[in-house]
>>> print(open('input.cif').read())   # mmCIF, N, CA and C atoms and all ligand atoms
data_upload
#
loop_
_atom_site.label_atom_id
_atom_site.label_comp_id
_atom_site.auth_asym_id
_atom_site.auth_seq_id
_atom_site.Cartn_x
_atom_site.Cartn_y
_atom_site.Cartn_z
N MET S 265 -40.59 -48.12 99.79
CA MET S 265 -40.32 -48.74 98.51
C MET S 265 -41.58 -48.63 97.65
N ALA S 266 -41.55 -47.78 96.68
CA ALA S 266 -42.71 -47.54 95.84
C ALA S 266 -43.08 -48.80 95.08
N GLY S 267 -44.36 -49.01 94.94
CA GLY S 267 -44.82 -50.14 94.16
C GLY S 267 -44.92 -51.42 94.94
N ARG S 268 -44.42 -51.45 96.16
CA ARG S 268 -44.52 -52.67 96.96
C ARG S 268 -45.93 -52.77 97.52
N LEU S 269 -46.48 -53.94 97.55
CA LEU S 269 -47.82 -54.15 98.08
C LEU S 269 -47.71 -54.68 99.50
N TYR S 270 -48.08 -53.86 100.45
CA TYR S 270 -48.06 -54.27 101.84
C TYR S 270 -49.47 -54.21 102.39
N THR S 271 -49.86 -55.24 103.07
CA THR S 271 -51.16 -55.24 103.73
C THR S 271 -50.95 -55.14 105.23
N ALA S 272 -49.78 -54.71 105.61
CA ALA S 272 -49.40 -54.75 107.01
C ALA S 272 -50.20 -53.78 107.87
N ALA S 273 -50.27 -54.12 109.13
CA ALA S 273 -50.94 -53.25 110.08
C ALA S 273 -49.97 -52.25 110.70
N ARG S 274 -48.68 -52.40 110.45
CA ARG S 274 -47.72 -51.48 111.05
C ARG S 274 -48.07 -50.06 110.59
N SER S 275 -48.07 -49.14 111.52
CA SER S 275 -48.63 -47.83 111.26
C SER S 275 -47.73 -46.95 110.40
N ASN S 276 -46.42 -47.07 110.54
CA ASN S 276 -45.56 -46.11 109.85
C ASN S 276 -44.86 -46.74 108.65
N LEU S 277 -45.64 -47.04 107.62
CA LEU S 277 -45.08 -47.71 106.45
C LEU S 277 -44.11 -46.83 105.70
N SER S 278 -44.35 -45.53 105.65
CA SER S 278 -43.45 -44.67 104.89
C SER S 278 -42.07 -44.65 105.55
N GLU S 279 -42.03 -44.64 106.86
CA GLU S 279 -40.74 -44.68 107.55
C GLU S 279 -40.04 -46.00 107.27
N PHE S 280 -40.79 -47.10 107.25
CA PHE S 280 -40.22 -48.42 106.96
C PHE S 280 -39.61 -48.41 105.56
N GLY S 281 -40.38 -47.90 104.59
CA GLY S 281 -39.89 -47.89 103.22
C GLY S 281 -38.67 -47.02 103.04
N MET S 282 -38.60 -45.94 103.79
CA MET S 282 -37.48 -45.01 103.65
C MET S 282 -36.22 -45.50 104.34
N ALA S 283 -36.36 -46.50 105.20
CA ALA S 283 -35.18 -47.00 105.91
C ALA S 283 -34.17 -47.54 104.92
N GLY S 284 -34.65 -48.18 103.85
CA GLY S 284 -33.76 -48.58 102.76
C GLY S 284 -32.85 -49.75 103.06
N SER S 285 -32.87 -50.27 104.25
CA SER S 285 -31.94 -51.33 104.59
C SER S 285 -32.63 -52.68 104.73
N HIS S 286 -33.89 -52.75 104.33
CA HIS S 286 -34.62 -54.01 104.42
C HIS S 286 -34.47 -54.81 103.12
N PRO S 287 -34.33 -56.13 103.20
CA PRO S 287 -34.36 -56.93 101.98
C PRO S 287 -35.69 -56.71 101.26
N PRO S 288 -35.72 -56.87 99.94
CA PRO S 288 -36.96 -56.59 99.19
C PRO S 288 -38.14 -57.44 99.63
N TRP S 289 -37.89 -58.59 100.22
CA TRP S 289 -38.97 -59.48 100.64
C TRP S 289 -39.43 -59.21 102.07
N CYS S 290 -38.74 -58.32 102.78
CA CYS S 290 -39.07 -58.07 104.19
C CYS S 290 -40.43 -57.39 104.29
N HIS S 291 -41.23 -57.88 105.23
CA HIS S 291 -42.58 -57.34 105.40
C HIS S 291 -42.63 -56.51 106.70
N PRO S 292 -43.12 -55.28 106.60
CA PRO S 292 -43.09 -54.41 107.78
C PRO S 292 -43.89 -54.94 108.96
N ARG S 293 -44.88 -55.75 108.70
CA ARG S 293 -45.65 -56.30 109.83
C ARG S 293 -44.84 -57.32 110.63
N TRP S 294 -43.93 -57.99 109.95
CA TRP S 294 -43.20 -59.08 110.59
C TRP S 294 -41.76 -58.71 110.94
N CYS S 295 -41.21 -57.71 110.26
CA CYS S 295 -39.82 -57.31 110.50
C CYS S 295 -39.63 -56.95 111.98
N ALA S 296 -38.56 -57.48 112.57
CA ALA S 296 -38.31 -57.24 113.99
C ALA S 296 -37.01 -56.50 114.23
N VAL S 297 -36.43 -55.92 113.17
CA VAL S 297 -35.14 -55.24 113.30
C VAL S 297 -35.23 -54.04 114.24
N ALA S 298 -36.36 -53.36 114.24
CA ALA S 298 -36.50 -52.17 115.07
C ALA S 298 -36.97 -52.50 116.49
N ASP S 299 -37.21 -53.79 116.76
CA ASP S 299 -37.66 -54.18 118.09
C ASP S 299 -36.51 -54.08 119.09
N SER S 300 -36.84 -54.16 120.35
CA SER S 300 -35.82 -54.15 121.39
C SER S 300 -35.98 -55.38 122.27
N PRO S 301 -35.03 -56.30 122.25
CA PRO S 301 -33.81 -56.31 121.43
C PRO S 301 -34.14 -56.57 119.96
N PRO S 302 -33.24 -56.16 119.06
CA PRO S 302 -33.52 -56.31 117.63
C PRO S 302 -33.65 -57.78 117.22
N GLY S 303 -34.56 -58.02 116.32
CA GLY S 303 -34.74 -59.36 115.75
C GLY S 303 -34.40 -59.32 114.26
N PRO S 304 -34.81 -60.36 113.54
CA PRO S 304 -34.46 -60.45 112.12
C PRO S 304 -35.48 -59.76 111.21
N HIS S 305 -35.06 -59.52 109.98
CA HIS S 305 -36.01 -59.21 108.90
C HIS S 305 -36.81 -60.48 108.65
N LEU S 306 -38.09 -60.34 108.40
CA LEU S 306 -38.94 -61.51 108.14
C LEU S 306 -39.90 -61.20 107.00
N SER S 307 -40.11 -62.19 106.14
CA SER S 307 -41.12 -62.06 105.10
C SER S 307 -42.50 -62.38 105.68
N ALA S 308 -43.53 -62.10 104.92
CA ALA S 308 -44.87 -62.52 105.32
C ALA S 308 -44.91 -64.04 105.30
N PRO S 309 -45.53 -64.66 106.29
CA PRO S 309 -45.56 -66.12 106.33
C PRO S 309 -46.52 -66.69 105.30
N THR S 310 -46.16 -67.86 104.78
CA THR S 310 -47.08 -68.63 103.96
C THR S 310 -47.26 -69.97 104.63
N GLY S 311 -48.48 -70.48 104.59
CA GLY S 311 -48.76 -71.72 105.32
C GLY S 311 -49.45 -72.75 104.47
N LEU S 312 -49.25 -74.01 104.85
CA LEU S 312 -49.87 -75.13 104.15
C LEU S 312 -50.28 -76.18 105.18
N ILE S 313 -51.56 -76.56 105.18
CA ILE S 313 -52.05 -77.62 106.05
C ILE S 313 -51.51 -78.95 105.53
N LEU S 314 -50.94 -79.75 106.42
CA LEU S 314 -50.23 -80.96 106.00
C LEU S 314 -50.95 -82.27 106.29
N ASP S 315 -52.12 -82.22 106.90
CA ASP S 315 -52.81 -83.48 107.18
C ASP S 315 -54.31 -83.31 107.00
N ASP S 316 -55.01 -84.44 106.94
CA ASP S 316 -56.46 -84.42 106.68
C ASP S 316 -57.26 -83.83 107.84
N HIS S 317 -56.69 -83.76 109.02
CA HIS S 317 -57.42 -83.25 110.17
C HIS S 317 -57.08 -81.79 110.48
N ALA S 318 -56.27 -81.19 109.62
CA ALA S 318 -55.88 -79.79 109.78
C ALA S 318 -55.26 -79.51 111.14
N THR S 319 -54.45 -80.45 111.62
CA THR S 319 -53.79 -80.22 112.90
C THR S 319 -52.34 -79.78 112.73
N VAL S 320 -51.72 -80.13 111.62
CA VAL S 320 -50.32 -79.76 111.40
C VAL S 320 -50.25 -78.81 110.21
N THR S 321 -49.63 -77.68 110.44
CA THR S 321 -49.48 -76.68 109.40
C THR S 321 -48.01 -76.31 109.28
N ALA S 322 -47.51 -76.27 108.06
CA ALA S 322 -46.16 -75.78 107.81
C ALA S 322 -46.25 -74.31 107.46
N VAL S 323 -45.45 -73.50 108.14
CA VAL S 323 -45.42 -72.06 107.88
C VAL S 323 -43.98 -71.70 107.49
N VAL S 324 -43.84 -71.06 106.33
CA VAL S 324 -42.52 -70.73 105.79
C VAL S 324 -42.35 -69.21 105.80
N GLN S 325 -41.20 -68.77 106.28
CA GLN S 325 -40.83 -67.36 106.22
C GLN S 325 -39.36 -67.23 105.87
N LEU S 326 -39.03 -66.22 105.09
CA LEU S 326 -37.63 -65.86 104.90
C LEU S 326 -37.19 -65.05 106.11
N GLU S 327 -35.96 -65.27 106.51
CA GLU S 327 -35.43 -64.61 107.71
C GLU S 327 -34.00 -64.17 107.43
N GLN S 328 -33.65 -62.98 107.86
CA GLN S 328 -32.26 -62.52 107.73
C GLN S 328 -31.96 -61.53 108.85
N HIS S 329 -30.92 -61.85 109.59
CA HIS S 329 -30.52 -60.94 110.65
C HIS S 329 -29.76 -59.76 110.04
N PRO S 330 -29.83 -58.60 110.66
CA PRO S 330 -29.10 -57.45 110.13
C PRO S 330 -27.59 -57.66 110.31
N PRO S 331 -26.77 -56.96 109.54
CA PRO S 331 -25.31 -57.10 109.66
C PRO S 331 -24.84 -56.67 111.05
N TYR S 332 -23.82 -57.33 111.55
CA TYR S 332 -23.19 -56.89 112.79
C TYR S 332 -21.68 -57.09 112.64
N GLY S 333 -20.94 -56.04 112.96
CA GLY S 333 -19.49 -56.10 112.75
C GLY S 333 -19.20 -56.34 111.29
N ASP S 334 -18.31 -57.28 111.02
CA ASP S 334 -17.97 -57.63 109.65
C ASP S 334 -18.86 -58.74 109.10
N HIS S 335 -19.77 -59.24 109.94
CA HIS S 335 -20.60 -60.37 109.52
C HIS S 335 -21.81 -59.88 108.73
N ARG S 336 -22.01 -60.46 107.58
CA ARG S 336 -23.16 -60.12 106.74
C ARG S 336 -24.04 -61.36 106.61
N PRO S 337 -25.01 -61.50 107.50
CA PRO S 337 -25.86 -62.69 107.44
C PRO S 337 -26.58 -62.82 106.10
N VAL S 338 -26.81 -64.06 105.70
CA VAL S 338 -27.53 -64.34 104.46
C VAL S 338 -28.96 -64.76 104.81
N PRO S 339 -29.88 -64.64 103.86
CA PRO S 339 -31.25 -65.07 104.13
C PRO S 339 -31.31 -66.59 104.36
N THR S 340 -32.20 -66.99 105.22
CA THR S 340 -32.49 -68.40 105.42
C THR S 340 -34.00 -68.59 105.34
N LEU S 341 -34.41 -69.81 105.09
CA LEU S 341 -35.83 -70.15 105.10
C LEU S 341 -36.15 -70.81 106.43
N ARG S 342 -37.13 -70.28 107.10
CA ARG S 342 -37.56 -70.85 108.37
C ARG S 342 -38.86 -71.59 108.13
N VAL S 343 -38.88 -72.88 108.47
CA VAL S 343 -40.08 -73.70 108.32
C VAL S 343 -40.54 -74.10 109.71
N ASP S 344 -41.67 -73.58 110.15
CA ASP S 344 -42.24 -73.94 111.44
C ASP S 344 -43.36 -74.94 111.21
N LEU S 345 -43.30 -76.06 111.91
CA LEU S 345 -44.41 -77.02 111.87
C LEU S 345 -45.27 -76.74 113.10
N HIS S 346 -46.44 -76.17 112.85
CA HIS S 346 -47.36 -75.84 113.94
C HIS S 346 -48.20 -77.06 114.27
N GLU S 347 -48.17 -77.42 115.54
CA GLU S 347 -48.93 -78.56 116.04
C GLU S 347 -49.66 -78.12 117.31
N PRO S 348 -50.92 -78.51 117.45
CA PRO S 348 -51.68 -78.05 118.61
C PRO S 348 -51.14 -78.54 119.95
N ASP S 349 -50.44 -79.68 119.97
CA ASP S 349 -49.94 -80.22 121.23
C ASP S 349 -48.61 -79.61 121.67
N ALA S 350 -47.96 -78.87 120.78
CA ALA S 350 -46.68 -78.28 121.13
C ALA S 350 -46.87 -77.13 122.13
N ASP S 351 -45.88 -76.94 122.99
CA ASP S 351 -45.99 -75.93 124.05
C ASP S 351 -46.33 -74.55 123.51
N ASP S 352 -45.58 -74.08 122.54
CA ASP S 352 -45.83 -72.74 121.99
C ASP S 352 -46.52 -72.81 120.63
N GLY S 353 -47.06 -73.98 120.32
CA GLY S 353 -47.76 -74.15 119.05
C GLY S 353 -46.84 -74.57 117.92
N VAL S 354 -45.53 -74.44 118.12
CA VAL S 354 -44.57 -74.84 117.09
C VAL S 354 -43.90 -76.14 117.54
N GLY S 355 -44.19 -77.22 116.84
CA GLY S 355 -43.65 -78.51 117.21
C GLY S 355 -42.22 -78.69 116.75
N TYR S 356 -41.88 -78.07 115.63
CA TYR S 356 -40.54 -78.24 115.11
C TYR S 356 -40.21 -77.05 114.22
N GLN S 357 -38.95 -76.66 114.25
CA GLN S 357 -38.53 -75.56 113.38
C GLN S 357 -37.29 -75.99 112.61
N LEU S 358 -37.34 -75.77 111.32
CA LEU S 358 -36.24 -76.11 110.42
C LEU S 358 -35.74 -74.82 109.79
N VAL S 359 -34.44 -74.59 109.86
CA VAL S 359 -33.85 -73.40 109.25
C VAL S 359 -32.91 -73.86 108.15
N LEU S 360 -33.18 -73.41 106.93
CA LEU S 360 -32.43 -73.89 105.76
C LEU S 360 -31.83 -72.73 104.98
N ARG S 361 -30.60 -72.95 104.50
CA ARG S 361 -30.06 -72.03 103.50
C ARG S 361 -30.87 -72.22 102.22
N PRO S 362 -30.95 -71.19 101.37
CA PRO S 362 -31.76 -71.32 100.16
C PRO S 362 -31.36 -72.51 99.29
N ASP S 363 -30.06 -72.81 99.16
CA ASP S 363 -29.67 -73.94 98.30
C ASP S 363 -30.09 -75.26 98.92
N HIS S 364 -30.06 -75.37 100.24
CA HIS S 364 -30.53 -76.59 100.89
C HIS S 364 -32.04 -76.71 100.76
N ALA S 365 -32.75 -75.59 100.83
CA ALA S 365 -34.21 -75.63 100.67
C ALA S 365 -34.57 -76.11 99.26
N ARG S 366 -33.82 -75.62 98.26
CA ARG S 366 -34.08 -76.08 96.88
C ARG S 366 -33.81 -77.57 96.76
N GLY S 367 -32.74 -78.05 97.35
CA GLY S 367 -32.41 -79.47 97.31
C GLY S 367 -33.49 -80.31 97.98
N LEU S 368 -33.96 -79.86 99.14
CA LEU S 368 -35.01 -80.59 99.84
C LEU S 368 -36.30 -80.58 99.02
N ALA S 369 -36.61 -79.45 98.41
CA ALA S 369 -37.82 -79.36 97.58
C ALA S 369 -37.74 -80.35 96.41
N HIS S 370 -36.57 -80.45 95.78
CA HIS S 370 -36.41 -81.40 94.67
C HIS S 370 -36.59 -82.84 95.16
N MET S 371 -36.02 -83.15 96.34
CA MET S 371 -36.18 -84.50 96.89
C MET S 371 -37.64 -84.81 97.17
N LEU S 372 -38.36 -83.86 97.76
CA LEU S 372 -39.78 -84.08 98.09
C LEU S 372 -40.60 -84.26 96.81
N GLN S 373 -40.31 -83.42 95.79
CA GLN S 373 -41.06 -83.54 94.53
C GLN S 373 -40.79 -84.88 93.87
N ALA S 374 -39.52 -85.32 93.88
CA ALA S 374 -39.19 -86.60 93.25
C ALA S 374 -39.88 -87.74 93.99
N ALA S 375 -39.85 -87.72 95.30
CA ALA S 375 -40.50 -88.79 96.08
C ALA S 375 -42.01 -88.77 95.86
N ALA S 376 -42.59 -87.57 95.79
CA ALA S 376 -44.05 -87.47 95.58
C ALA S 376 -44.42 -88.00 94.19
N ARG S 377 -43.56 -87.71 93.19
CA ARG S 377 -43.82 -88.25 91.84
C ARG S 377 -43.78 -89.77 91.85
N GLN S 378 -42.77 -90.34 92.55
CA GLN S 378 -42.68 -91.80 92.64
C GLN S 378 -43.90 -92.38 93.32
N ALA S 379 -44.38 -91.72 94.35
CA ALA S 379 -45.54 -92.22 95.08
C ALA S 379 -46.78 -92.22 94.22
N ALA S 380 -46.83 -91.30 93.26
CA ALA S 380 -48.00 -91.17 92.40
C ALA S 380 -47.97 -92.15 91.23
N GLU S 381 -46.82 -92.80 91.00
CA GLU S 381 -46.69 -93.72 89.86
C GLU S 381 -47.42 -95.02 90.11
ZN ZN S 401 -36.84 -55.67 107.69
#
>>> encode(input="input.cif", output="structure tokens", more="lines below")
Ligand SMILES: [Zn+2]
Amino acid sequence: MAGRLYTAARSNLSEFGMAGSHPPWCHPRWCAVADSPPGPHLSAPTGLILDDHATVTAVVQLEQHPPYGDHRPVPTLRVDLHEPDADDGVGYQLVLRPDHARGLAHMLQAAARQAAE
């Protein structure tokens, strides 16, 4: 995909771009569609430290499984709460449809505004 900015370490970016079946937000470093067994398309993660001691971090990625049969999966937002005490480092994972993510974001913003009043 010409004009896309990838900082990925994946070696064959031209092959990735020519595949043409990746969502525009899919990042070649994170995409797992070509893995065995195949995984989902994934965006580059973005993270935010959530506490003063930098122990809990929220990491957000877009995720979409490739089509199978007549099923056409839609993108979802994956929110991983990374905690040092969790077995695999992820204490909790939340998977949201985009409309639910927007609703939750509005609720959080409204509550944060009230807290600041
Ligand atoms: Zn992909």
>>> residues_around(input="input.cif", residues="His346 of chain S", least_positions_apart="3", cutoff="5 Å", atoms="all atoms listed in the file", output="PyMOL selection string")
chain S and resi 320-322+353-355
>>> closest_residue(input="input.cif", among="S:Asp299, S:Asp344, S:Glu381, S:Asp316", to="Tyr356 of chain S", atoms="only C-alpha atoms")
S:Asp344
>>> residues_near_ligand(input="input.cif", ligand="ligand ZN 401 (chain S)", cutoff="7 Å", atoms="only C-alpha atoms and all ligand atoms", output="list in words")
His286, Pro287, Cys290, His291, Pro292, Cys295, Ala296, Val297, Pro304, His305 and Leu306 of chain S
>>> atom_distance(input="input.cif", atom1="atom CA of Gly303 of chain S", atom2="atom C of Leu368 of chain S")
27.1 Å
>>> closest_residue(input="input.cif", among="S:Ala298, S:Val324, S:Leu341, S:Ile313", to="Pro362 of chain S", atoms="all atoms listed in the file")
S:Leu341
>>> select_by_dssp(input="input.cif", residues="chain S", states="strand (DSSP E)", output="list in words")
His305, Leu306, Thr310, Gly311, Leu312, Ile313, Thr321, Ala322, Val323, Val324, Gln325, Leu326, Glu327, Gln328, Thr340, Leu341, Arg342, Val343, Asp344, Leu345, His346, Val354, Gly355, Tyr356, Gln357, Leu358, Val359 and Leu360 of chain S
>>> atom_distance(input="input.cif", atom1="atom CA of Trp294 of chain S", atom2="atom CA of Arg336 of chain S")
20.4 Å
>>> residues_around(input="input.cif", residues="Gln357 of chain S", least_positions_apart="6", cutoff="7 Å", atoms="all atoms listed in the file", output="ChimeraX atom specification")
/S:342-345
>>> atom_distance(input="input.cif", atom1="atom CA of Glu347 of chain S", atom2="atom CA of Ala318 of chain S")
9.4 Å
>>> select_by_dssp(input="input.cif", residues="segment 278-380 of chain S", states="alpha helix (DSSP H)", output="number ranges by chain")
S: 278-283, 362-380
>>> decode(input="input.cif", residues="segment 308-372 of chain S", atoms="C-alpha atoms", output="PDB file, in the first residue's frame")
ATOM      1  CA  ALA S 308       0.014  -1.331  15.979  1.00  0.00           C
ATOM      2  CA  PRO S 309      -0.622  -1.186  19.727  1.00  0.00           C
ATOM      3  CA  THR S 310      -1.023   2.072  21.579  1.00  0.00           C
ATOM      4  CA  GLY S 311      -0.497   2.174  25.314  1.00  0.00           C
ATOM      5  CA  LEU S 312      -1.294   4.397  28.262  1.00  0.00           C
ATOM      6  CA  ILE S 313       0.064   4.085  31.813  1.00  0.00           C
ATOM      7  CA  LEU S 314      -2.926   4.148  34.165  1.00  0.00           C
ATOM      8  CA  ASP S 315      -1.435   4.644  37.612  1.00  0.00           C
ATOM      9  CA  ASP S 316       1.189   6.718  39.419  1.00  0.00           C
ATOM     10  CA  HIS S 317       3.476   3.723  39.924  1.00  0.00           C
ATOM     11  CA  ALA S 318       3.495   2.726  36.246  1.00  0.00           C
ATOM     12  CA  THR S 319       2.366  -0.790  37.062  1.00  0.00           C
ATOM     13  CA  VAL S 320      -0.848  -0.906  35.034  1.00  0.00           C
ATOM     14  CA  THR S 321      -0.833  -0.119  31.348  1.00  0.00           C
ATOM     15  CA  ALA S 322      -3.766  -0.189  28.947  1.00  0.00           C
ATOM     16  CA  VAL S 323      -2.822  -1.342  25.459  1.00  0.00           C
ATOM     17  CA  VAL S 324      -5.335  -0.902  22.633  1.00  0.00           C
ATOM     18  CA  GLN S 325      -5.256  -2.676  19.281  1.00  0.00           C
ATOM     19  CA  LEU S 326      -7.763  -3.067  16.482  1.00  0.00           C
ATOM     20  CA  GLU S 327      -8.363  -6.712  15.672  1.00  0.00           C
ATOM     21  CA  GLN S 328     -10.209  -8.423  12.834  1.00  0.00           C
ATOM     22  CA  HIS S 329     -10.245 -12.065  11.915  1.00  0.00           C
ATOM     23  CA  PRO S 330     -10.149 -12.906   8.213  1.00  0.00           C
ATOM     24  CA  PRO S 331     -13.400 -14.042   6.541  1.00  0.00           C
ATOM     25  CA  TYR S 332     -14.284 -17.720   6.777  1.00  0.00           C
ATOM     26  CA  GLY S 333     -17.154 -19.300   4.899  1.00  0.00           C
ATOM     27  CA  ASP S 334     -19.975 -16.792   4.674  1.00  0.00           C
ATOM     28  CA  HIS S 335     -18.885 -15.057   7.886  1.00  0.00           C
ATOM     29  CA  ARG S 336     -17.345 -11.618   7.490  1.00  0.00           C
ATOM     30  CA  PRO S 337     -15.894 -10.636  10.862  1.00  0.00           C
ATOM     31  CA  VAL S 338     -15.967  -6.956  11.788  1.00  0.00           C
ATOM     32  CA  PRO S 339     -13.157  -5.052  13.498  1.00  0.00           C
ATOM     33  CA  THR S 340     -13.124  -4.993  17.276  1.00  0.00           C
ATOM     34  CA  LEU S 341     -11.070  -3.025  19.767  1.00  0.00           C
ATOM     35  CA  ARG S 342      -8.960  -5.121  22.083  1.00  0.00           C
ATOM     36  CA  VAL S 343      -8.002  -3.473  25.368  1.00  0.00           C
ATOM     37  CA  ASP S 344      -5.375  -5.364  27.363  1.00  0.00           C
ATOM     38  CA  LEU S 345      -4.673  -4.241  30.910  1.00  0.00           C
ATOM     39  CA  HIS S 346      -1.060  -5.185  31.534  1.00  0.00           C
ATOM     40  CA  GLU S 347      -0.258  -5.862  35.165  1.00  0.00           C
ATOM     41  CA  PRO S 348       3.037  -7.197  36.493  1.00  0.00           C
ATOM     42  CA  ASP S 349       1.345  -9.745  38.775  1.00  0.00           C
ATOM     43  CA  ALA S 350      -0.685 -11.362  35.996  1.00  0.00           C
ATOM     44  CA  ASP S 351       0.521 -14.747  34.731  1.00  0.00           C
ATOM     45  CA  ASP S 352       1.149 -13.661  31.152  1.00  0.00           C
ATOM     46  CA  GLY S 353       1.409  -9.965  31.965  1.00  0.00           C
ATOM     47  CA  VAL S 354      -2.175  -9.316  30.879  1.00  0.00           C
ATOM     48  CA  GLY S 355      -4.485  -8.985  33.858  1.00  0.00           C
ATOM     49  CA  TYR S 356      -7.639  -8.384  31.904  1.00  0.00           C
ATOM     50  CA  GLN S 357      -8.722  -8.205  28.292  1.00  0.00           C
ATOM     51  CA  LEU S 358     -11.751  -6.336  27.017  1.00  0.00           C
ATOM     52  CA  VAL S 359     -12.999  -6.813  23.455  1.00  0.00           C
ATOM     53  CA  LEU S 360     -15.392  -4.141  22.214  1.00  0.00           C
ATOM     54  CA  ARG S 361     -17.289  -3.443  19.027  1.00  0.00           C
ATOM     55  CA  PRO S 362     -16.443   0.053  17.772  1.00  0.00           C
ATOM     56  CA  ASP S 363     -19.865   1.461  18.756  1.00  0.00           C
ATOM     57  CA  HIS S 364     -19.521   0.063  22.278  1.00  0.00           C
ATOM     58  CA  ALA S 365     -15.997   1.490  22.518  1.00  0.00           C
ATOM     59  CA  ARG S 366     -17.343   4.925  21.545  1.00  0.00           C
ATOM     60  CA  GLY S 367     -20.093   4.621  24.155  1.00  0.00           C
ATOM     61  CA  LEU S 368     -17.620   3.615  26.851  1.00  0.00           C
ATOM     62  CA  ALA S 369     -15.304   6.475  25.864  1.00  0.00           C
ATOM     63  CA  HIS S 370     -18.188   8.961  26.194  1.00  0.00           C
ATOM     64  CA  MET S 371     -19.073   7.556  29.626  1.00  0.00           C
ATOM     65  CA  LEU S 372     -15.457   7.805  30.819  1.00  0.00           C
TER      66      LEU S 372
END
